[in-house]
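Only one structure is covered here, and it is reproduced in the block below.
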Amino acid sequence: MRETKGTVWCIALGPGSEEYVTPQARKAMERFDRFIGDGRFSSLLPPGAHLEPLPPLAELYARIEDLAEGEELALVVSGDTGFYSLASSLARRFGDKVIWIPGISSLQILACRMRRSWASLPAFSLHGRPFEGNLPEGEFVLLLGESLSVPDQIADVALRLAETRRAVLAWDLGLPSEKLTEGPLGDLARREPEGRLALLWVMP
Ligand SMILES: C[S@@+](CC[C@H](N)C(=O)[O-])C[C@H]1O[C@@H](n2cnc3c(N)ncnc32)[C@H](O)[C@@H]1O
């Protein structure tokens, strides 16, 4: 791997609505007029800024490696940089060439809605990957995948635990379409998708 000379900024913007963008993220974005990231963040960028969709990872890594001394690249990422984010892969690969600007994660928003601490809550992701390993004994949170796959993913969890085990299914946290439903896993698995992104908080 070549030595990366430039800097990559990972600016976390929360769920995608203005009210969750931190002043620090807003200030960091003022340095740039071009960004890489998901289209749902376009309305949060500085006026006139260009947003390019995330390229395949190999291409992104090559572009970062090719950054010249003093050159900077800005990525906008969802939620927080430290919670199942591309920011982690970039930090592992490029070390201190990567700057993280924190954001408000979907888990923080869900914990607020439920008035529960997430401090020692195990979290697992089924976003773009199958579930491997055992589910923990107590409560835990699952990051679910593409919306159409959510009912099957919950049905799988219900099969491993119990149809009657209670959970909160949260769609599109922090967005106008936010919807939370509490119930037994068996019932939640039979619901149609009600948004784009979902978290499942499984009760003890
Ligand atoms: C790649 S992870 C990114 C998580 C992000 N870094 C965060 O802190 O929220 C994407 C997954 O997070 C969850 N997620 C992200 N934003 C969400 C939201 N607004 N509402 C519900 N779940 C969300 C979904 O499970 C989604 O599949």
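Scheme for the structure tokens: letters A, B, ... for chains in order shown; per-chain residue numbers from 1; ligand numbers from 1 in order shown.
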Considering only strand (DSSP E or B) as DSSP defines it on the backbone, what residues of chain A qualify? List them as a PyMOL selection string.
chain A and resi 7-12+14+34-37+50-52+72-77+79+98-101+123-125+140-143+166-171+179-184+198-202
Within 7 Å of ligand 1, counting only C-alpha atoms and all ligand atoms, residues as a PyMOL selection string
chain A and resi 14-15+77-85+104-107+127+142-146+170-175+197-199
Could you tell me how far atom CA of A:Ala158 sits from atom CA of A:Phe124, in Å to one decimal place?
15.4 Å
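When only C-alpha atoms are used to measure the gap to A:Asp152, the shortest distance among A:Arg191, A:Arg129, A:Arg115, A:Arg166 belongs to A:Arg191.
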Can you list, as an NGL selection string, every residue of stretch 33-160 of chain A that DSSP puts in alpha helix (DSSP H)?
:A and (57-65 or 86-94 or 106-114 or 150-160)
Same residues, C-alpha atoms, output as a PDB file, in the first residue's frame:
ATOM      1  CA  LEU A  57     -14.753   0.313  -1.938  1.00  0.00           C
ATOM      2  CA  ALA A  58     -11.697  -0.633  -4.013  1.00  0.00           C
ATOM      3  CA  GLU A  59     -12.143   2.554  -6.042  1.00  0.00           C
ATOM      4  CA  LEU A  60     -12.602   4.668  -2.909  1.00  0.00           C
ATOM      5  CA  TYR A  61      -9.458   3.197  -1.328  1.00  0.00           C
ATOM      6  CA  ALA A  62      -7.460   3.883  -4.524  1.00  0.00           C
ATOM      7  CA  ARG A  63      -8.672   7.491  -4.607  1.00  0.00           C
ATOM      8  CA  ILE A  64      -7.681   7.968  -0.983  1.00  0.00           C
ATOM      9  CA  GLU A  65      -4.249   6.425  -1.599  1.00  0.00           C
ATOM     10  CA  LEU A  86     -17.492   2.974   6.870  1.00  0.00           C
ATOM     11  CA  ALA A  87     -15.422   5.380   8.972  1.00  0.00           C
ATOM     12  CA  SER A  88     -14.042   2.366  10.903  1.00  0.00           C
ATOM     13  CA  SER A  89     -12.767   0.575   7.765  1.00  0.00           C
ATOM     14  CA  LEU A  90     -11.116   3.793   6.614  1.00  0.00           C
ATOM     15  CA  ALA A  91      -9.481   4.376  10.010  1.00  0.00           C
ATOM     16  CA  ARG A  92      -8.183   0.784  10.094  1.00  0.00           C
ATOM     17  CA  ARG A  93      -6.704   1.184   6.615  1.00  0.00           C
ATOM     18  CA  PHE A  94      -5.479   4.769   6.634  1.00  0.00           C
ATOM     19  CA  SER A 106     -29.613   5.666  15.324  1.00  0.00           C
ATOM     20  CA  LEU A 107     -29.011   3.697  18.535  1.00  0.00           C
ATOM     21  CA  GLN A 108     -28.753   6.893  20.605  1.00  0.00           C
ATOM     22  CA  ILE A 109     -32.057   8.114  19.193  1.00  0.00           C
ATOM     23  CA  LEU A 110     -33.760   4.778  19.898  1.00  0.00           C
ATOM     24  CA  ALA A 111     -32.365   4.712  23.450  1.00  0.00           C
ATOM     25  CA  CYS A 112     -33.807   8.214  23.997  1.00  0.00           C
ATOM     26  CA  ARG A 113     -37.230   7.192  22.700  1.00  0.00           C
ATOM     27  CA  MET A 114     -37.181   4.174  25.059  1.00  0.00           C
ATOM     28  CA  VAL A 150     -36.588  -7.005   7.601  1.00  0.00           C
ATOM     29  CA  PRO A 151     -39.608  -9.337   8.180  1.00  0.00           C
ATOM     30  CA  ASP A 152     -37.500 -12.419   7.345  1.00  0.00           C
ATOM     31  CA  GLN A 153     -34.658 -11.230   9.559  1.00  0.00           C
ATOM     32  CA  ILE A 154     -37.024 -10.756  12.500  1.00  0.00           C
ATOM     33  CA  ALA A 155     -38.625 -14.154  11.811  1.00  0.00           C
ATOM     34  CA  ASP A 156     -35.143 -15.678  12.004  1.00  0.00           C
ATOM     35  CA  VAL A 157     -34.504 -14.005  15.373  1.00  0.00           C
ATOM     36  CA  ALA A 158     -37.934 -15.212  16.606  1.00  0.00           C
ATOM     37  CA  LEU A 159     -36.991 -18.763  15.585  1.00  0.00           C
ATOM     38  CA  ARG A 160     -33.680 -18.599  17.471  1.00  0.00           C
TER      39      ARG A 160
END
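Residues within 8 Å of stretch 23-30 of chain A, counting only C-alpha atoms and excluding same-chain residues fewer than 4 positions away, are Ile11, Ala12, Leu13, Leu45, Pro46, Ala74, Ile101, Pro102 and Gly103 of chain A.
Across the structure, atom CA of A:Ala123 and atom CA of A:Ile99 are spaced 24.1 Å apart.
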